[in-house]
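Chemist: Below you'll find coords.pdb; it's PDB, C-alpha atoms, pLDDT in the B column.
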ATOM      1  CA  MET A1334     -17.715 117.994 -34.653  1.00 70.00           C
ATOM      2  CA  THR A1335     -14.735 118.374 -32.373  1.00 85.00           C
ATOM      3  CA  THR A1336     -14.785 117.523 -28.695  1.00 91.00           C
ATOM      4  CA  HIS A1337     -12.525 118.379 -25.793  1.00 93.00           C
ATOM      5  CA  LYS A1338     -10.722 115.101 -26.492  1.00 94.00           C
ATOM      6  CA  ASP A1339      -9.420 116.621 -29.739  1.00 93.00           C
ATOM      7  CA  LEU A1340      -7.635 119.458 -27.911  1.00 94.00           C
ATOM      8  CA  ASN A1341      -3.895 118.899 -27.490  1.00 96.00           C
ATOM      9  CA  VAL A1342      -3.916 120.741 -24.157  1.00 97.00           C
ATOM     10  CA  TRP A1343      -6.552 118.312 -22.848  1.00 97.00           C
ATOM     11  CA  LYS A1344      -4.489 115.313 -24.034  1.00 98.00           C
ATOM     12  CA  LYS A1345      -1.316 116.646 -22.408  1.00 98.00           C
ATOM     13  CA  SER A1346      -3.135 117.461 -19.188  1.00 98.00           C
ATOM     14  CA  MET A1347      -4.523 113.917 -19.064  1.00 98.00           C
ATOM     15  CA  ASN A1348      -0.955 112.637 -19.349  1.00 98.00           C
ATOM     16  CA  MET A1349       0.031 114.959 -16.526  1.00 98.00           C
ATOM     17  CA  VAL A1350      -2.689 113.491 -14.290  1.00 98.00           C
ATOM     18  CA  ILE A1351      -1.256 110.018 -14.861  1.00 98.00           C
ATOM     19  CA  LEU A1352       2.299 111.204 -14.196  1.00 98.00           C
ATOM     20  CA  THR A1353       1.171 113.079 -11.064  1.00 98.00           C
ATOM     21  CA  TYR A1354      -0.531 109.971  -9.687  1.00 97.00           C
ATOM     22  CA  ARG A1355       2.520 107.817 -10.400  1.00 97.00           C
ATOM     23  CA  LEU A1356       4.969 110.242  -8.817  1.00 97.00           C
ATOM     24  CA  THR A1357       2.869 111.129  -5.780  1.00 96.00           C
ATOM     25  CA  GLY A1358       2.397 107.400  -5.148  1.00 95.00           C
ATOM     26  CA  GLN A1359       6.076 107.417  -4.156  1.00 94.00           C
ATOM     27  CA  PHE A1360       5.627 110.210  -1.575  1.00 94.00           C
ATOM     28  CA  PRO A1361       5.926 109.385   2.134  1.00 92.00           C
ATOM     29  CA  LYS A1362       2.758 107.730   3.454  1.00 92.00           C
ATOM     30  CA  GLU A1363       2.098 110.638   5.842  1.00 90.00           C
ATOM     31  CA  GLU A1364       1.590 112.813   2.737  1.00 87.00           C
ATOM     32  CA  LEU A1365      -1.277 110.682   1.435  1.00 83.00           C
ATOM     33  CA  PHE A1366      -3.851 113.213   2.673  1.00 87.00           C
ATOM     34  CA  GLY A1367      -1.513 116.204   2.424  1.00 93.00           C
ATOM     35  CA  LEU A1368       0.525 117.400  -0.511  1.00 96.00           C
ATOM     36  CA  SER A1369      -0.053 114.220  -2.513  1.00 96.00           C
ATOM     37  CA  SER A1370      -3.830 114.631  -2.370  1.00 96.00           C
ATOM     38  CA  GLN A1371      -3.648 118.348  -3.195  1.00 97.00           C
ATOM     39  CA  MET A1372      -1.438 117.709  -6.226  1.00 98.00           C
ATOM     40  CA  ARG A1373      -3.741 114.999  -7.508  1.00 98.00           C
ATOM     41  CA  ARG A1374      -6.817 117.209  -7.167  1.00 98.00           C
ATOM     42  CA  ALA A1375      -5.129 120.154  -8.891  1.00 98.00           C
ATOM     43  CA  ALA A1376      -3.910 117.917 -11.734  1.00 98.00           C
ATOM     44  CA  VAL A1377      -7.355 116.329 -12.260  1.00 98.00           C
ATOM     45  CA  SER A1378      -8.961 119.772 -12.242  1.00 98.00           C
ATOM     46  CA  ILE A1379      -7.059 120.875 -15.352  1.00 98.00           C
ATOM     47  CA  PRO A1380      -8.485 118.465 -17.980  1.00 98.00           C
ATOM     48  CA  SER A1381     -11.825 118.328 -16.153  1.00 98.00           C
ATOM     49  CA  ASN A1382     -12.356 122.078 -16.510  1.00 97.00           C
ATOM     50  CA  ILE A1383     -11.180 122.059 -20.116  1.00 97.00           C
ATOM     51  CA  ALA A1384     -13.798 119.377 -20.818  1.00 96.00           C
ATOM     52  CA  GLU A1385     -16.553 121.194 -18.929  1.00 96.00           C
ATOM     53  CA  GLY A1386     -15.821 124.498 -20.648  1.00 94.00           C
ATOM     54  CA  HIS A1387     -15.779 122.880 -24.071  1.00 93.00           C
ATOM     55  CA  GLY A1388     -19.045 121.126 -23.306  1.00 93.00           C
ATOM     56  CA  ARG A1389     -20.794 124.439 -22.623  1.00 91.00           C
ATOM     57  CA  ASN A1390     -20.697 125.261 -26.371  1.00 82.00           C
ATOM     58  CA  SER A1391     -19.946 128.928 -25.770  1.00 90.00           C
ATOM     59  CA  ASP A1392     -16.593 130.674 -26.179  1.00 90.00           C
ATOM     60  CA  LYS A1393     -17.349 132.839 -23.146  1.00 92.00           C
ATOM     61  CA  GLU A1394     -17.936 129.770 -20.987  1.00 93.00           C
ATOM     62  CA  LEU A1395     -14.942 127.953 -22.495  1.00 93.00           C
ATOM     63  CA  ILE A1396     -12.694 130.902 -21.653  1.00 94.00           C
ATOM     64  CA  ARG A1397     -14.039 130.984 -18.089  1.00 95.00           C
ATOM     65  CA  PHE A1398     -13.247 127.301 -17.563  1.00 96.00           C
ATOM     66  CA  LEU A1399      -9.853 127.642 -19.262  1.00 96.00           C
ATOM     67  CA  PHE A1400      -9.014 130.289 -16.663  1.00 96.00           C
ATOM     68  CA  ILE A1401     -10.010 127.832 -13.933  1.00 97.00           C
ATOM     69  CA  SER A1402      -7.702 125.252 -15.541  1.00 98.00           C
ATOM     70  CA  LEU A1403      -4.937 127.844 -15.665  1.00 97.00           C
ATOM     71  CA  GLY A1404      -5.431 128.530 -11.968  1.00 97.00           C
ATOM     72  CA  SER A1405      -5.204 124.817 -11.186  1.00 98.00           C
ATOM     73  CA  ALA A1406      -2.026 124.522 -13.270  1.00 98.00           C
ATOM     74  CA  SER A1407      -0.521 127.433 -11.338  1.00 97.00           C
ATOM     75  CA  GLU A1408      -1.519 125.779  -8.065  1.00 98.00           C
ATOM     76  CA  LEU A1409       0.074 122.540  -9.239  1.00 98.00           C
ATOM     77  CA  GLU A1410       3.240 124.419 -10.200  1.00 98.00           C
ATOM     78  CA  THR A1411       3.616 125.624  -6.608  1.00 97.00           C
ATOM     79  CA  GLN A1412       3.020 122.124  -5.282  1.00 97.00           C
ATOM     80  CA  ILE A1413       5.576 120.639  -7.680  1.00 98.00           C
ATOM     81  CA  LEU A1414       8.166 123.160  -6.476  1.00 97.00           C
ATOM     82  CA  LEU A1415       7.340 122.390  -2.843  1.00 96.00           C
ATOM     83  CA  SER A1416       7.595 118.654  -3.467  1.00 96.00           C
ATOM     84  CA  ASN A1417      11.029 119.184  -4.939  1.00 96.00           C
ATOM     85  CA  LYS A1418      12.183 121.366  -2.019  1.00 96.00           C
ATOM     86  CA  LEU A1419      10.901 118.741   0.431  1.00 96.00           C
ATOM     87  CA  ASP A1420      12.807 116.025  -1.482  1.00 96.00           C
ATOM     88  CA  PHE A1421       9.606 114.101  -2.230  1.00 96.00           C
ATOM     89  CA  LEU A1422      10.387 114.129  -5.957  1.00 94.00           C
ATOM     90  CA  LYS A1423      13.533 112.780  -7.547  1.00 93.00           C
ATOM     91  CA  GLU A1424      15.166 115.130 -10.039  1.00 95.00           C
ATOM     92  CA  GLU A1425      13.926 113.228 -13.091  1.00 97.00           C
ATOM     93  CA  GLY A1426      10.323 113.186 -11.878  1.00 96.00           C
ATOM     94  CA  PHE A1427      10.476 116.839 -10.889  1.00 97.00           C
ATOM     95  CA  ASN A1428      11.821 117.825 -14.325  1.00 98.00           C
ATOM     96  CA  GLN A1429       9.192 115.770 -16.166  1.00 97.00           C
ATOM     97  CA  LEU A1430       6.291 117.125 -14.159  1.00 97.00           C
ATOM     98  CA  ASN A1431       7.516 120.715 -14.085  1.00 98.00           C
ATOM     99  CA  GLU A1432       8.236 120.841 -17.833  1.00 98.00           C
ATOM    100  CA  LEU A1433       4.903 119.257 -18.730  1.00 98.00           C
ATOM    101  CA  ASN A1434       3.003 121.623 -16.438  1.00 98.00           C
ATOM    102  CA  ASN A1435       4.815 124.655 -17.880  1.00 98.00           C
ATOM    103  CA  GLU A1436       3.944 123.495 -21.387  1.00 98.00           C
ATOM    104  CA  ILE A1437       0.293 123.117 -20.393  1.00 98.00           C
ATOM    105  CA  ILE A1438       0.289 126.623 -18.900  1.00 97.00           C
ATOM    106  CA  ARG A1439       1.663 128.025 -22.171  1.00 97.00           C
ATOM    107  CA  MET A1440      -0.934 126.088 -24.169  1.00 97.00           C
ATOM    108  CA  LEU A1441      -3.784 127.304 -21.969  1.00 97.00           C
ATOM    109  CA  VAL A1442      -2.631 130.915 -22.305  1.00 95.00           C
ATOM    110  CA  ALA A1443      -2.423 130.520 -26.092  1.00 95.00           C
ATOM    111  CA  LEU A1444      -5.870 128.912 -26.284  1.00 94.00           C
ATOM    112  CA  ILE A1445      -7.428 131.630 -24.118  1.00 94.00           C
ATOM    113  CA  ARG A1446      -5.896 134.304 -26.328  1.00 93.00           C
ATOM    114  CA  SER A1447      -7.027 132.575 -29.517  1.00 92.00           C
ATOM    115  CA  LYS A1448     -10.613 132.478 -28.243  1.00 89.00           C
ATOM    116  CA  ASN A1449     -10.484 135.977 -26.743  1.00 82.00           C
ATOM    117  CA  ASN A1450      -9.239 138.331 -29.469  1.00 78.00           C
ATOM    118  CA  GLY A1451      -5.627 137.944 -28.405  1.00 75.00           C
ATOM    119  CA  GLN A1452      -6.252 139.069 -24.833  1.00 74.00           C
ATOM    120  CA  LEU A1453      -5.516 137.247 -21.610  1.00 75.00           C
ATOM    121  CA  VAL A1454      -8.457 138.621 -19.680  1.00 70.00           C
ATOM    122  CA  ASN A1455     -11.431 136.890 -18.116  1.00 66.00           C
ATOM    123  CA  LEU A1456     -14.600 138.103 -19.832  1.00 54.00           C
ATOM    124  CA  ASN A1457     -16.604 137.469 -16.674  1.00 55.00           C
ATOM    125  CA  THR A1458     -14.765 140.208 -14.781  1.00 51.00           C
ATOM    126  CA  ASP A1459     -13.851 143.807 -15.481  1.00 47.00           C
ATOM    127  CA  ASN A1460     -10.799 144.585 -17.608  1.00 45.00           C
ATOM    128  CA  SER A1461      -8.667 145.463 -14.586  1.00 43.00           C
ATOM    129  CA  ASN A1462      -7.607 141.803 -14.489  1.00 45.00           C
ATOM    130  CA  THR A1463      -5.779 141.992 -17.812  1.00 43.00           C
ATOM    131  CA  VAL A1464      -2.457 140.196 -17.730  1.00 46.00           C
ATOM    132  CA  THR A1465       0.252 141.351 -20.095  1.00 42.00           C
ATOM    133  CA  GLU A1466       3.019 139.066 -21.211  1.00 44.00           C
TER     134      GLU A1466
END
Would you put the structure from the file into structure tokens?
Modeler:
Amino acid sequence: MTTHKDLNVWKKSMNMVILTYRLTGQFPKEELFGLSSQMRRAAVSIPSNIAEGHGRNSDKELIRFLFISLGSASELETQILLSNKLDFLKEEGFNQLNELNNEIIRMLVALIRSKNNGQLVNLNTDNSNTVTE
């Protein structure tokens, strides 16, 4: 029996949590409860929702939680870009975090499509939310 811990996207997102914590630990102290905290919460949300969705033992529920993870990854992407523009991240850290997050987004999209007949649409809403890529 496979678990969420067997999913490559979960493993990569766990690594991103660690990297996010390390990099945001270098942010200015006044950002401890600001951007740093928001980035950490968004990063933790990604593997947490993958795990919760997988634990529901239903493809419909898994897809729903994968969409939540995708939303958190998109939120984190914005925060990474802001951190770079505010000079909180050095170029190397920005590149590492941004590339890893983009890879996770691609993996989530692929996993959603593989579980959802090739479509990137949330089954818990109407089909007007279909995203084409």
Chemist: Just the residues within 12 Å of Val1377 (chain A), please, counting all atoms listed in the file, with nothing from its chain fewer than 3 positions along; format it as a PyMOL selection string.
Modeler: chain A and resi 1343+1345-1354+1370-1374+1380-1384+1401-1402+1405-1406+1408-1409
Chemist: Residues of the last selection are to be written out with C-alpha atoms, as a PDB file, in the coordinates of the input.
Modeler:
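Result went into out18.pdb, see below:
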ATOM      1  CA  TRP A1343      -6.552 118.312 -22.848  1.00 97.00           C
ATOM      2  CA  LYS A1345      -1.316 116.646 -22.408  1.00 98.00           C
ATOM      3  CA  SER A1346      -3.135 117.461 -19.188  1.00 98.00           C
ATOM      4  CA  MET A1347      -4.523 113.917 -19.064  1.00 98.00           C
ATOM      5  CA  ASN A1348      -0.955 112.637 -19.349  1.00 98.00           C
ATOM      6  CA  MET A1349       0.031 114.959 -16.526  1.00 98.00           C
ATOM      7  CA  VAL A1350      -2.689 113.491 -14.290  1.00 98.00           C
ATOM      8  CA  ILE A1351      -1.256 110.018 -14.861  1.00 98.00           C
ATOM      9  CA  LEU A1352       2.299 111.204 -14.196  1.00 98.00           C
ATOM     10  CA  THR A1353       1.171 113.079 -11.064  1.00 98.00           C
ATOM     11  CA  TYR A1354      -0.531 109.971  -9.687  1.00 97.00           C
ATOM     12  CA  SER A1370      -3.830 114.631  -2.370  1.00 96.00           C
ATOM     13  CA  GLN A1371      -3.648 118.348  -3.195  1.00 97.00           C
ATOM     14  CA  MET A1372      -1.438 117.709  -6.226  1.00 98.00           C
ATOM     15  CA  ARG A1373      -3.741 114.999  -7.508  1.00 98.00           C
ATOM     16  CA  ARG A1374      -6.817 117.209  -7.167  1.00 98.00           C
ATOM     17  CA  PRO A1380      -8.485 118.465 -17.980  1.00 98.00           C
ATOM     18  CA  SER A1381     -11.825 118.328 -16.153  1.00 98.00           C
ATOM     19  CA  ASN A1382     -12.356 122.078 -16.510  1.00 97.00           C
ATOM     20  CA  ILE A1383     -11.180 122.059 -20.116  1.00 97.00           C
ATOM     21  CA  ALA A1384     -13.798 119.377 -20.818  1.00 96.00           C
ATOM     22  CA  ILE A1401     -10.010 127.832 -13.933  1.00 97.00           C
ATOM     23  CA  SER A1402      -7.702 125.252 -15.541  1.00 98.00           C
ATOM     24  CA  SER A1405      -5.204 124.817 -11.186  1.00 98.00           C
ATOM     25  CA  ALA A1406      -2.026 124.522 -13.270  1.00 98.00           C
ATOM     26  CA  GLU A1408      -1.519 125.779  -8.065  1.00 98.00           C
ATOM     27  CA  LEU A1409       0.074 122.540  -9.239  1.00 98.00           C
TER      28      LEU A1409
END
Chemist: Provide the CA of Lys1338 (chain A) to CA of Ile1379 (chain A) distance in Å, to one decimal place.
Modeler: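 Separation between CA of Lys1338 (chain A) and CA of Ile1379 (chain A): 13.1 Å.
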Chemist: List the residues matched by the PyMOL selection byres ((chain A and resi 1368) around 10) in the displayed structure as a PyMOL selection string, ordered by chain and then by residue number.
Modeler: chain A and resi 1357+1360+1363-1367+1369-1374+1412-1413+1415-1416+1421
Chemist: Restricting the calculation to all atoms listed in the file, which member of A:Lys1362, A:Asn1435, A:Asp1392, A:Thr1335 is positioned closest to Ser1447 (chain A)?
Modeler: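 The answer is A:Asp1392, which sits nearest to Ser1447 (chain A).
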Chemist: Would you mind reading off the distance between CA of His1337 (chain A) and CA of Gly1388 (chain A), one decimal, in Å?
Modeler: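 CA of His1337 (chain A) sits 7.5 Å away from CA of Gly1388 (chain A).
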Chemist: Choose the residue, out of A:Arg1397, A:Arg1355, A:His1387, A:Lys1344, that has the smallest atom-to-atom separation from Leu1453 (chain A); count only C-alpha atoms.
Modeler: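 Distance minimum relative to Leu1453 (chain A) lands on A:Arg1397.
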